[in-house]
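Novice: Submitted below is the structure of interest, expressed as structure tokens.
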Amino acid sequence: MNVEIDQEGCVAAGQCVLAAPEVFDQRDEDGVAVLLREPLADEYAATREAALLCPARAIVLSE
Amino acid sequence: MERVVVVGASAAGSTTAQTLRREGFAGAITVIGDEPHLPYDRPPLSKQVLLGSWPAERTSFGPSTTYAEQGIDLRLGSRAAGLDLSRRVVELATGEEVGWDHLVVATGVQPLRLREGHHLDGVHVLRTLDDAVALRKSLADASAVVVVGAGFLGSETTAAARQLGCEVTLVDLAPAPMAVQLGAELGWMVAELHAAHGVRVLGGSGVTRLLGESAVEGVELADGSVVKADAVLVAVGSRPATDWLEASGLPCRDGVLCEEAPAGVHAAGDVARWTSARFGVSLRLEHRFNATEQAVCAARRIAGQEIAFDPVPYFWTDQYDARIQVYGVVPPDARLVVVQGDPSARKFLAHYVSGGRVSAVLGWNMPRELRSERALLTAI
């Protein structure tokens with residue numbers, strides 16, 4: 001699974017971190033989402049949930 | 001084959017359809033939308049689109065091929081005019097009927113208008129992409145702008161117009177901007193933010209009428225004074241788009257009453273009203289994140305999952321360099337307690353306390369820290 005974050009579109013809601021804390025974090029200064037690392041197989045479901053819930057649809061997954 | 005019909009093709013409608021496919025729903029999905037545009041996102045309309053930092057197309061949720069590939073029948077420029085619950089059909093304005101086994105009402109809201117004056121050139125409301133493009137054009141030529149209504153749309157538009165170099169007067173019946181949504185104390189901080197950017201903020205001011213012959217020239221206030229304007233945004237709230245449901249018998253009272261809807265009928269987004277067990281109140285939220293959460297829930301229920309809907313609401317507003325974010329529900333009587341940072345530095349966290357408990361947490365330019373505060377609400 002490849003994860004891309006559109007950081008310009010990100011609205012810093014942090015919902016991705018709530019859904020998949022192992023995969024996403026927020027920058028200290030502005031809360032914009034960052035990728036900690038590519039998700040492991042058992043984190044795919046949580047990563048998909050993060051992409052689904054993102055209120056800016058700023059997470060694009062390719063599987 | 002099972003048929004799902006989604007009425008409304010914005011965030012809630014498109015998310016419902018796409019989540020159904022993700023959850024493996026194999027039946028027919030039809031999405032009916034009255035706008036001509038492919039589904040698009042609304043929050044950027046009052047921010048990036050007005051500022052011109054994003055072209056209007058960037059708000060799109062994706063090309064038409066995405067829907068075709070997912071087997072979603074997207075009917076754009078198509079208005080639902082009625083609903084027959086016994087025959088399970090949606091009636092379109094053209095007279096055509098679309099049958100369903102599951103219906104999702106996601107028709108959103110319509111902006112309220114002043115009693116008169118909307119025929120004047122330069123007077124706008126802001127709900128759709130076309131509205132935003134027209135307002136942007138008006139702001140580009142305007143020197144004096146009046147924004148009537150200081151909620152989310154009015155306050156964000158004020159910030160955008162100011163950043164575009166317009167003179168802006170922000171008028172509201174409430175004492176301070178966003179006071180209705182976030183309480184008076186926070187409202188004063190928002191008022192100061194706008195004043196610091198050179199906006200004339202007039203709280204406690206009613207508007208009696210818009211002046212002008214063919215184009216708007218000014219706004220007359222309740223005290224008789226006139227504010228000169230060559231562009232006006234009327235952002236005085238909205239009402240659920242449920243006119244088309246009036247004759248159907250579907251229970252509506254300021255929104256579709258989700259718990260009272262018959263089996264097979266769902267609602268999502270700005271139009272949906274439900275009872276929050278977590279907060280003990282009836283809620284109808286015009287917030288972007290709620291549209292996603294309700295749409296996902298509706299889709300999963302249709303796909304056969306028995307899941308509860310009891311979220312911690314989340315919303316945000318961006319004005320100038322201020323990003324204000326809130327988790328929870330802000331009751332009118334809540335007290336604002338700053339718990340970290342400093343409001344005068346415009347970087348702080350606060351709790352809304354009501355009835356001895358924290359019912360919402362607010363962050364002003366502290367997104368990362370705010371997320372940890374959310375845990376206070378999940379314990380409720």
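Each chain in the structure tokens gets a letter, A, B, ..., in the order shown, and its residues are numbered from 1; ligands are numbered from 1 in order too.
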Near chain B, which residues of chain A fall within 12 Å when you count only C-alpha atoms, and what do they look like as an MDAnalysis selection string?
Specialist: chainID A and resid 8:19 21 24:34 45 48:58 60
Novice: Can you list, as an NGL selection string, every protein, DNA or RNA residue that comes within 12 Å of Val232 of chain B when you count only C-alpha atoms, leaving out same-chain residues fewer than 5 positions away?
Specialist: :B and (113-114 or 117-126 or 134-136 or 138-139 or 142-149 or 154 or 157-158 or 161 or 166-171 or 207 or 209-212 or 215-220 or 227)
Novice: Please run DSSP on the backbone and report, as a list in words, all residues within chain A that come out as helix (DSSP H, G or I).
Specialist: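 So, restricting chain A to helix (DSSP H, G or I), we get Gln15, Cys16, Val17, Leu18, Ala19, Ala41, Asp42, Glu43, Tyr44, Ala45, Ala46, Thr47, Arg48, Glu49, Ala50, Ala51, Leu52 and Leu53 of chain A.
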Novice: How would the residues just chosen look if you wrote them out with C-alpha atoms as a PDB file, in the first residue's frame?
Specialist:
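Everything below was put into part_15.pdb:
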```pdb
ATOM      1  CA  GLN A  15      -8.570  12.542  12.125  1.00  0.00           C
ATOM      2  CA  CYS A  16      -5.956  10.420  10.321  1.00  0.00           C
ATOM      3  CA  VAL A  17      -3.859  10.266  13.487  1.00  0.00           C
ATOM      4  CA  LEU A  18      -6.896   9.242  15.530  1.00  0.00           C
ATOM      5  CA  ALA A  19      -7.654   6.478  12.995  1.00  0.00           C
ATOM      6  CA  ALA A  41      -0.299  -5.180   6.491  1.00  0.00           C
ATOM      7  CA  ASP A  42      -2.222  -5.229   9.773  1.00  0.00           C
ATOM      8  CA  GLU A  43      -2.545  -1.432   9.622  1.00  0.00           C
ATOM      9  CA  TYR A  44      -4.142  -1.331   6.167  1.00  0.00           C
ATOM     10  CA  ALA A  45      -7.703  -1.259   7.506  1.00  0.00           C
ATOM     11  CA  ALA A  46      -6.930   1.646   9.852  1.00  0.00           C
ATOM     12  CA  THR A  47      -5.111   3.483   7.062  1.00  0.00           C
ATOM     13  CA  ARG A  48      -8.111   3.058   4.748  1.00  0.00           C
ATOM     14  CA  GLU A  49     -10.333   4.427   7.518  1.00  0.00           C
ATOM     15  CA  ALA A  50      -8.042   7.451   7.852  1.00  0.00           C
ATOM     16  CA  ALA A  51      -8.315   8.165   4.129  1.00  0.00           C
ATOM     17  CA  LEU A  52     -12.081   7.697   4.218  1.00  0.00           C
ATOM     18  CA  LEU A  53     -12.579  10.042   7.176  1.00  0.00           C
TER      19      LEU A  53
END
```
Novice: Tell me which of B:Cys252, B:Leu20, B:Val7, B:Val281 sits closest to Gly77 of chain B, counting only C-alpha atoms.
Specialist: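 Comparing B:Cys252, B:Leu20, B:Val7, B:Val281 against Gly77 of chain B, the winner is B:Val7.
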Novice: Which polymer residues have any atom within 12 Å of an atom of Ser86 of chain B, counting only C-alpha atoms, with same-chain residues fewer than 6 positions away left out, as a PDB file with C-alpha atoms, in the first residue's frame?
Specialist:
```pdb
ATOM      1  CA  GLY B  99     -37.192   3.492  -7.410  1.00  0.00           C
ATOM      2  CA  TRP B 100     -35.215   2.523  -4.307  1.00  0.00           C
ATOM      3  CA  ASP B 101     -34.855  -0.089  -1.603  1.00  0.00           C
ATOM      4  CA  SER B 248     -44.081  12.743   1.650  1.00  0.00           C
ATOM      5  CA  GLY B 249     -44.886  12.293   5.331  1.00  0.00           C
ATOM      6  CA  LEU B 250     -41.204  11.769   6.168  1.00  0.00           C
ATOM      7  CA  PRO B 262     -39.052   4.431   8.270  1.00  0.00           C
ATOM      8  CA  ALA B 263     -36.825   1.405   7.655  1.00  0.00           C
ATOM      9  CA  GLY B 264     -34.717   1.872   4.557  1.00  0.00           C
ATOM     10  CA  VAL B 265     -34.666   5.670   4.809  1.00  0.00           C
TER      11      VAL B 265
END
```
Novice: Smallest atom-to-atom distance to Gly13 of chain B: which of B:Ala322, B:Val104, B:Cys258, B:Ala191, using only C-alpha atoms?
Specialist: B:Val104
Novice: Would you please give, as a ChimeraX atom specification, all residues of segment 274-367 of chain B that DSSP assigns to strand (DSSP E or B) based on the backbone?
Specialist: /B:274-276,281-283,314-319,322-328,335-342,347-354,357-364
Novice: Write out the residues from the selection above, keeping N, CA and C atoms, as a compact mmCIF listing (two decimals), in the first residue's frame.
Specialist:
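And here is the file that came out, part.txt:
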```
# COMPACT_ATOMS: atom_id res chain seq x y z
N TRP B 274 -30.45 14.27 14.52
CA TRP B 274 -30.49 13.04 15.32
C TRP B 274 -30.24 13.38 16.77
N THR B 275 -30.50 12.40 17.64
CA THR B 275 -30.30 12.62 19.06
C THR B 275 -28.94 12.08 19.47
N SER B 276 -28.13 12.94 20.02
CA SER B 276 -26.81 12.52 20.46
C SER B 276 -26.90 11.95 21.86
N VAL B 281 -28.45 15.77 23.53
CA VAL B 281 -29.19 16.83 22.83
C VAL B 281 -29.51 16.38 21.40
N SER B 282 -30.52 17.03 20.84
CA SER B 282 -30.82 16.83 19.43
C SER B 282 -29.84 17.69 18.64
N LEU B 283 -29.23 17.10 17.63
CA LEU B 283 -28.20 17.82 16.87
C LEU B 283 -28.51 17.81 15.38
N TYR B 314 -16.67 17.43 15.20
CA TYR B 314 -15.44 18.20 14.97
C TYR B 314 -15.72 19.27 13.93
N PHE B 315 -15.26 20.47 14.17
CA PHE B 315 -15.34 21.50 13.14
C PHE B 315 -14.21 22.49 13.28
N TRP B 316 -13.99 23.23 12.21
CA TRP B 316 -12.89 24.19 12.21
C TRP B 316 -13.25 25.40 11.38
N THR B 317 -12.49 26.48 11.59
CA THR B 317 -12.60 27.63 10.71
C THR B 317 -11.21 28.22 10.56
N ASP B 318 -10.90 28.68 9.35
CA ASP B 318 -9.63 29.34 9.06
C ASP B 318 -9.91 30.79 8.71
N GLN B 319 -9.33 31.71 9.46
CA GLN B 319 -9.49 33.14 9.18
C GLN B 319 -8.13 33.81 9.34
N ALA B 322 -5.37 32.41 11.56
CA ALA B 322 -5.96 31.71 12.71
C ALA B 322 -6.67 30.44 12.25
N ARG B 323 -6.29 29.33 12.85
CA ARG B 323 -7.01 28.07 12.62
C ARG B 323 -7.65 27.70 13.94
N ILE B 324 -8.99 27.82 13.97
CA ILE B 324 -9.73 27.55 15.20
C ILE B 324 -10.43 26.22 15.01
N GLN B 325 -10.18 25.30 15.93
CA GLN B 325 -10.73 23.94 15.80
C GLN B 325 -11.47 23.56 17.08
N VAL B 326 -12.55 22.84 16.92
CA VAL B 326 -13.36 22.47 18.08
C VAL B 326 -13.78 21.00 17.98
N TYR B 327 -13.64 20.29 19.09
CA TYR B 327 -14.26 18.97 19.24
C TYR B 327 -15.37 19.11 20.26
N GLY B 328 -16.51 18.49 19.98
CA GLY B 328 -17.58 18.48 20.96
C GLY B 328 -18.74 19.36 20.57
N ARG B 335 -19.08 27.89 29.78
CA ARG B 335 -18.04 28.82 30.20
C ARG B 335 -16.75 28.44 29.50
N LEU B 336 -16.01 29.46 29.01
CA LEU B 336 -14.75 29.19 28.32
C LEU B 336 -13.61 29.28 29.33
N VAL B 337 -12.84 28.20 29.44
CA VAL B 337 -11.73 28.18 30.39
C VAL B 337 -10.44 27.90 29.61
N VAL B 338 -9.55 28.88 29.61
CA VAL B 338 -8.27 28.69 28.90
C VAL B 338 -7.40 27.76 29.74
N VAL B 339 -6.89 26.69 29.13
CA VAL B 339 -6.11 25.71 29.90
C VAL B 339 -4.64 25.68 29.49
N GLN B 340 -4.32 26.25 28.34
CA GLN B 340 -2.92 26.25 27.91
C GLN B 340 -2.73 27.39 26.91
N GLY B 341 -1.55 27.99 26.92
CA GLY B 341 -1.27 29.05 25.96
C GLY B 341 -1.88 30.37 26.37
N ASP B 342 -1.99 31.28 25.40
CA ASP B 342 -2.35 32.65 25.73
C ASP B 342 -3.21 33.25 24.61
N LYS B 347 -2.69 31.80 20.45
CA LYS B 347 -2.25 30.41 20.44
C LYS B 347 -2.62 29.83 21.79
N PHE B 348 -3.73 29.11 21.84
CA PHE B 348 -4.17 28.60 23.14
C PHE B 348 -5.16 27.45 22.98
N LEU B 349 -5.34 26.75 24.10
CA LEU B 349 -6.35 25.69 24.20
C LEU B 349 -7.34 26.11 25.25
N ALA B 350 -8.62 25.78 25.03
CA ALA B 350 -9.63 26.12 26.03
C ALA B 350 -10.66 25.00 26.13
N HIS B 351 -11.30 24.93 27.28
CA HIS B 351 -12.41 23.99 27.49
C HIS B 351 -13.70 24.78 27.57
N TYR B 352 -14.77 24.20 27.05
CA TYR B 352 -16.10 24.72 27.30
C TYR B 352 -16.71 23.87 28.40
N VAL B 353 -17.01 24.51 29.51
CA VAL B 353 -17.53 23.78 30.65
C VAL B 353 -18.99 24.15 30.87
N SER B 354 -19.81 23.11 30.97
CA SER B 354 -21.24 23.33 31.16
C SER B 354 -21.76 22.21 32.06
N ARG B 357 -19.18 19.76 33.52
CA ARG B 357 -18.32 18.88 32.73
C ARG B 357 -17.86 19.58 31.45
N VAL B 358 -16.80 19.05 30.88
CA VAL B 358 -16.25 19.62 29.65
C VAL B 358 -17.09 19.09 28.48
N SER B 359 -17.74 19.99 27.75
CA SER B 359 -18.57 19.52 26.64
C SER B 359 -17.92 19.82 25.29
N ALA B 360 -16.89 20.64 25.28
CA ALA B 360 -16.15 20.88 24.04
C ALA B 360 -14.75 21.37 24.38
N VAL B 361 -13.82 21.13 23.46
CA VAL B 361 -12.47 21.65 23.61
C VAL B 361 -12.15 22.44 22.35
N LEU B 362 -11.48 23.57 22.55
CA LEU B 362 -11.18 24.46 21.42
C LEU B 362 -9.68 24.73 21.36
N GLY B 363 -9.17 24.71 20.16
CA GLY B 363 -7.77 25.08 19.96
C GLY B 363 -7.67 26.23 18.98
N TRP B 364 -6.86 27.22 19.32
CA TRP B 364 -6.60 28.35 18.41
C TRP B 364 -5.13 28.24 18.04
```
Novice: In Å, how far is it from atom CA of Leu257 of chain B to atom CA of Val5 of chain B?
Specialist: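 Interatomic distance, atom CA of Leu257 of chain B to atom CA of Val5 of chain B: 18.4 Å.
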Novice: What is the distance between atom CA of Glu22 of chain A and atom CA of Thr16 of chain B, in Å to one decimal?
Specialist: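 Atom-to-atom, atom CA of Glu22 of chain A and atom CA of Thr16 of chain B are spaced 26.9 Å apart.
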Novice: Report, in Å with one decimal, the straight-line distance from atom CA of Gly255 of chain B to atom CA of Ala303 of chain B.
Specialist: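 Atom-to-atom, atom CA of Gly255 of chain B and atom CA of Ala303 of chain B are spaced 24.1 Å apart.
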Novice: I'd like the contact shell of Gln181 of chain B - 10 Å cut-off, only C-alpha atoms, skipping same-chain residues fewer than 3 positions apart - returned as a PyMOL selection string.
Specialist: chain B and resi 150-152+177-178+184+186-187+329-332
Novice: Store the residues picked out above, limited to N, CA and C atoms, as a PDB file, in the first residue's frame.
Specialist:
```pdb
ATOM      1  N   ALA B 150     -22.087  37.076  10.833  1.00  0.00           N
ATOM      2  CA  ALA B 150     -20.705  36.774  11.205  1.00  0.00           C
ATOM      3  C   ALA B 150     -20.552  35.371  11.757  1.00  0.00           C
ATOM      4  N   GLY B 151     -21.197  34.416  11.092  1.00  0.00           N
ATOM      5  CA  GLY B 151     -20.970  33.011  11.423  1.00  0.00           C
ATOM      6  C   GLY B 151     -19.729  32.521  10.683  1.00  0.00           C
ATOM      7  N   PHE B 152     -19.694  31.218  10.393  1.00  0.00           N
ATOM      8  CA  PHE B 152     -18.528  30.652   9.705  1.00  0.00           C
ATOM      9  C   PHE B 152     -18.308  31.317   8.343  1.00  0.00           C
ATOM     10  N   PRO B 177     -18.579  38.397  16.370  1.00  0.00           N
ATOM     11  CA  PRO B 177     -18.552  37.327  15.372  1.00  0.00           C
ATOM     12  C   PRO B 177     -18.421  35.951  16.018  1.00  0.00           C
ATOM     13  N   MET B 178     -19.054  34.969  15.455  1.00  0.00           N
ATOM     14  CA  MET B 178     -18.990  33.577  15.896  1.00  0.00           C
ATOM     15  C   MET B 178     -19.529  33.375  17.318  1.00  0.00           C
ATOM     16  N   ALA B 184     -19.810  34.230  23.507  1.00  0.00           N
ATOM     17  CA  ALA B 184     -19.442  35.636  23.388  1.00  0.00           C
ATOM     18  C   ALA B 184     -17.959  35.873  23.671  1.00  0.00           C
ATOM     19  N   LEU B 186     -15.288  33.952  23.241  1.00  0.00           N
ATOM     20  CA  LEU B 186     -14.470  33.622  22.074  1.00  0.00           C
ATOM     21  C   LEU B 186     -14.781  34.598  20.935  1.00  0.00           C
ATOM     22  N   GLY B 187     -16.071  34.986  20.873  1.00  0.00           N
ATOM     23  CA  GLY B 187     -16.490  35.937  19.843  1.00  0.00           C
ATOM     24  C   GLY B 187     -15.722  37.246  19.911  1.00  0.00           C
ATOM     25  N   VAL B 329     -19.567  19.657  21.569  1.00  0.00           N
ATOM     26  CA  VAL B 329     -20.756  20.477  21.363  1.00  0.00           C
ATOM     27  C   VAL B 329     -20.656  21.649  22.337  1.00  0.00           C
ATOM     28  N   VAL B 330     -20.882  22.867  21.822  1.00  0.00           N
ATOM     29  CA  VAL B 330     -20.774  24.062  22.661  1.00  0.00           C
ATOM     30  C   VAL B 330     -22.177  24.501  23.089  1.00  0.00           C
ATOM     31  N   PRO B 331     -22.584  24.210  24.343  1.00  0.00           N
ATOM     32  CA  PRO B 331     -23.908  24.653  24.787  1.00  0.00           C
ATOM     33  C   PRO B 331     -23.911  26.172  24.970  1.00  0.00           C
ATOM     34  N   PRO B 332     -25.075  26.808  24.807  1.00  0.00           N
ATOM     35  CA  PRO B 332     -25.143  28.278  24.908  1.00  0.00           C
ATOM     36  C   PRO B 332     -24.670  28.812  26.266  1.00  0.00           C
TER      37      PRO B 332
END
```
Novice: With only C-alpha atoms as the counted atoms, please give the residues lying no more than 7 Å from Ala9 of chain B, apart from itself and same-chain residues fewer than 3 positions off, as a compact mmCIF listing (two decimals) with N, CA and C atoms, in the first residue's frame.
Specialist:
```
# COMPACT_ATOMS: atom_id res chain seq x y z
N GLY B 13 -23.42 12.96 0.10
CA GLY B 13 -23.94 12.09 -0.95
C GLY B 13 -22.86 11.28 -1.62
N SER B 14 -21.78 11.94 -2.03
CA SER B 14 -20.74 11.21 -2.74
C SER B 14 -20.02 10.23 -1.80
N VAL B 31 -26.95 8.47 -7.65
CA VAL B 31 -26.79 9.71 -6.89
C VAL B 31 -27.41 10.84 -7.71
N ILE B 32 -28.36 11.54 -7.08
CA ILE B 32 -29.08 12.61 -7.78
C ILE B 32 -28.65 13.96 -7.21
N GLY B 33 -28.14 14.83 -8.07
CA GLY B 33 -27.69 16.14 -7.59
C GLY B 33 -28.25 17.26 -8.45
N PRO B 39 -19.41 16.25 -8.01
CA PRO B 39 -19.33 16.50 -6.57
C PRO B 39 -18.03 17.23 -6.19
```
